[in-house]
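K.L.:
The structure under discussion is supplied below as structure tokens; questions concerning it will follow.
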Amino acid sequence: MKNAGPCHFALFELQPSFRLDLDQLAARYRELARSVHPDRFADASEREQRVALERSASLNEAYRTLKSDSQRARYLLAMRGPELPLEVTVQDPDFLLQQMQWREELEDLQDEADLAGVAAFKGRLKVAQQELNERFAEVWEDDARREEAERLMRRMQFLDKLSHEVRQLEERLDD
């Protein structure tokens, strides 16, 4: 993995793992962010200010990566093997069919302005995300199952994007 700085997990004094206590991660982030915040170095030398800014940026990037299930999955896979391409043609016909069904359902909910239906859809999506997370957690460390882990990670990324679209629709319909 191309990484000039310390491992994201090491910044938080964590062992690389897919399963994380996100409350503990957030608390540790706040603690570290206070210690490296550039404002604390306002009277320091230019070099020290630059280092503080770089450390703060690295910490923010690490936190964003680790708090997101799909980004953490991608990061873990990259740590264990070759760099993953950002865009991959998904050769997963079952999931492609599921994607089309979800998109059609979301479009129908939008056309009908069905806020209750959107809430139910969001709940089913959350369950699907939890199931993917559990499956990924079981396989990511097994080199023999790397292809499966990559497929699950790509599914996680799609569900993240779909969840974002659902939240946007919810906001539009709620106005």
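Following the order of the structure tokens, first chain is A, next is B, and so on, with residues numbered from 1 inside each chain and ligands from 1 in the order they appear.
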Tell me, which residues of chain A carry DSSP alpha helix (DSSP H), written as JSON, numbers by chain?

P.N.:
{"A": [8, 9, 10, 11, 22, 23, 24, 25, 26, 27, 28, 29, 30, 31, 32, 33, 34, 35, 36, 46, 47, 48, 49, 50, 51, 52, 53, 54, 55, 56, 57, 58, 59, 60, 61, 62, 63, 64, 65, 66, 67, 69, 70, 71, 72, 73, 74, 75, 76, 77, 78, 79, 80, 93, 94, 95, 96, 97, 98, 99, 100, 101, 102, 103, 104, 105, 106, 107, 108, 109, 110, 111, 112, 115, 116, 117, 118, 119, 120, 121, 122, 123, 124, 125, 126, 127, 128, 129, 130, 131, 132, 133, 134, 135, 136, 137, 138, 139, 146, 147, 148, 149, 150, 151, 152, 153, 154, 155, 156, 157, 158, 159, 160, 161, 162, 163, 164, 165, 166, 167, 168, 169, 170, 171, 172, 173, 174]}

K.L.:
From the options A:Pro93, A:Gly117, A:Pro16, A:Pro82, which residue's atoms come nearest to Arg151 (chain A), counting only C-alpha atoms?

P.N.:
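So, comparing all the options, the nearest one is A:Pro93.
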
K.L.:
Each residue of region 70-132 of chain A with at least one atom at most 12 Å from region 9-13 of chain A should appear once, together with its nearest atom pair and the corresponding distance in Å (one decimal); atoms considered: only C-alpha atoms; ordering: chain, then increasing residue number; output as a Markdown table.

P.N.:
```
| residue | atom | partner | partner_atom | distance |
| --- | --- | --- | --- | --- |
| A:Arg72 | CA | A:Phe9 | CA | 9.9 |
| A:Tyr75 | CA | A:Phe9 | CA | 10.1 |
| A:Leu76 | CA | A:Phe9 | CA | 9.8 |
| A:Met79 | CA | A:Phe9 | CA | 10.8 |
```

K.L.:
Output N, CA and C atoms for every residue in that selection, as an mmCIF file, in the first residue's frame.

P.N.:
```cif
data_model
loop_
_atom_site.group_PDB
_atom_site.id
_atom_site.type_symbol
_atom_site.label_atom_id
_atom_site.label_comp_id
_atom_site.auth_asym_id
_atom_site.auth_seq_id
_atom_site.Cartn_x
_atom_site.Cartn_y
_atom_site.Cartn_z
ATOM 1 N N ARG A 72 -13.085 1.813 5.440
ATOM 2 C CA ARG A 72 -12.221 0.987 6.301
ATOM 3 C C ARG A 72 -11.949 -0.355 5.622
ATOM 4 N N TYR A 75 -9.432 0.187 2.891
ATOM 5 C CA TYR A 75 -8.124 0.450 3.494
ATOM 6 C C TYR A 75 -7.485 -0.848 3.989
ATOM 7 N N LEU A 76 -8.268 -1.681 4.664
ATOM 8 C CA LEU A 76 -7.748 -2.957 5.156
ATOM 9 C C LEU A 76 -7.277 -3.843 4.007
ATOM 10 N N MET A 79 -4.047 -2.572 2.701
ATOM 11 C CA MET A 79 -2.943 -2.886 3.616
ATOM 12 C C MET A 79 -2.431 -4.302 3.386
#
```

K.L.:
Mind giving me the straight-line distance from CA of His8 (chain A) to CA of Met153 (chain A) in Å, one decimal?

P.N.:
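Computed distance, CA of His8 (chain A) to CA of Met153 (chain A), equals 18.2 Å.
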
K.L.:
Skipping near chain neighbours, those fewer than 6 positions away, what residues fall within 12 Å of Glu138 (chain A) using only C-alpha atoms, listed as a short mmCIF file (atom, residue, chain, number, x, y, z; two decimals) with C-alpha atoms, in the first residue's frame?

P.N.:
```cif
data_model
loop_
_atom_site.label_atom_id
_atom_site.label_comp_id
_atom_site.auth_asym_id
_atom_site.auth_seq_id
_atom_site.Cartn_x
_atom_site.Cartn_y
_atom_site.Cartn_z
CA SER A 17 -9.48 -4.74 12.35
CA PHE A 18 -12.74 -4.30 10.51
CA ARG A 19 -14.77 -4.37 13.70
CA ALA A 73 -12.80 -2.20 4.28
CA GLU A 131 -25.17 -8.14 6.65
CA LEU A 132 -22.42 -7.07 4.23
CA ARG A 145 -11.03 -15.26 0.06
CA ARG A 146 -9.61 -11.92 -1.09
CA GLU A 148 -14.86 -12.32 -2.16
CA ALA A 149 -13.73 -9.58 0.26
CA LEU A 152 -18.20 -7.35 -0.66
#
```

K.L.:
Using only C-alpha atoms, can you tell me which of A:Cys7, A:Ala44, A:Ala62, A:Ala78 comes closest to Tyr29 (chain A)?

P.N.:
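Going through A:Cys7, A:Ala44, A:Ala62, A:Ala78 one by one, the smallest distance to Tyr29 (chain A) is for A:Ala62.
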
K.L.:
List the neighbours of Ser35 (chain A) out to 10 Å using only C-alpha atoms; skip same-chain residues closer than 6 positions along the sequence, and give me the result as a VMD selection string.

P.N.:
chain A and resid 29 41 52 55 to 56

K.L.:
In Å to one decimal, how far is CA of Ala119 (chain A) from CA of Gln168 (chain A)?

P.N.:
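So the answer is 12.1 Å.
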
K.L.:
Can you tell me how far CA of Val166 (chain A) sits from CA of Arg124 (chain A), in Å to one decimal?

P.N.:
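Atom-to-atom, CA of Val166 (chain A) to CA of Arg124 (chain A), that is 11.6 Å.
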
K.L.:
Determine, using only C-alpha atoms, which residues of region 42-106 of chain A have any atom at most 8 Å from an atom of region 154-162 of chain A, and tabulate each with its shortest atom pair and distance in Å to one decimal place, rows ordered by chain and then rising number, as CSV.

P.N.:
```
residue,atom,partner,partner_atom,distance
A:Asp69,CA,A:Met156,CA,7.7
A:Ser70,CA,A:Met156,CA,5.4
A:Gln71,CA,A:Gln157,CA,7.8
A:Val90,CA,A:Arg154,CA,7.9
A:Phe95,CA,A:Arg155,CA,7.7
```

K.L.:
Which residues come within 10 Å of Gln49 (chain A), counting only C-alpha atoms, excluding same-chain residues fewer than 3 positions away, as a list in words?

P.N.:
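Counting only C-alpha atoms, the residues come to Val36, His37, Pro38, Asp39, Arg40, Phe41, Ala42, Asp43, Ala44, Ser45, Glu46, Ala52, Leu53, Glu54 and Arg55 of chain A.
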
K.L.:
With distances taken over only C-alpha atoms, which of A:Gln129, A:Gln98, A:Asp92, A:Arg28 is nearest to Ser68 (chain A)?

P.N.:
A:Gln129

K.L.:
May I have the residues within 12 Å of Asp23 (chain A) as a compact mmCIF listing (two decimals) with N, CA, C and O atoms, in the first residue's frame, using only C-alpha atoms and disregarding those fewer than 6 positions away in the same chain?

P.N.:
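Result file follows (out00.txt):
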```txt
# COMPACT_ATOMS: atom_id res chain seq x y z
N TYR A 29 -10.22 10.26 18.59
CA TYR A 29 -10.02 11.30 17.57
C TYR A 29 -10.08 12.69 18.21
O TYR A 29 -9.22 13.53 17.96
N ARG A 30 -11.11 12.93 19.01
CA ARG A 30 -11.25 14.25 19.65
C ARG A 30 -10.03 14.56 20.52
O ARG A 30 -9.51 15.67 20.50
N TYR A 63 -9.27 9.40 10.38
CA TYR A 63 -10.56 9.29 11.05
C TYR A 63 -11.69 9.09 10.04
O TYR A 63 -12.55 8.22 10.21
N LEU A 66 -11.47 5.46 8.78
CA LEU A 66 -11.79 4.40 9.73
C LEU A 66 -13.24 4.44 10.20
O LEU A 66 -13.79 3.40 10.56
N LYS A 67 -13.88 5.60 10.21
CA LYS A 67 -15.26 5.65 10.70
C LYS A 67 -16.26 5.15 9.66
O LYS A 67 -17.38 4.80 10.00
```

K.L.:
Pick out the closest residue to Glu165 (chain A) from this set: A:Asp143, A:Glu107, A:Glu134, A:Glu61. Count only C-alpha atoms.

P.N.:
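Ranked by minimum distance to Glu165 (chain A), first place goes to A:Glu107.
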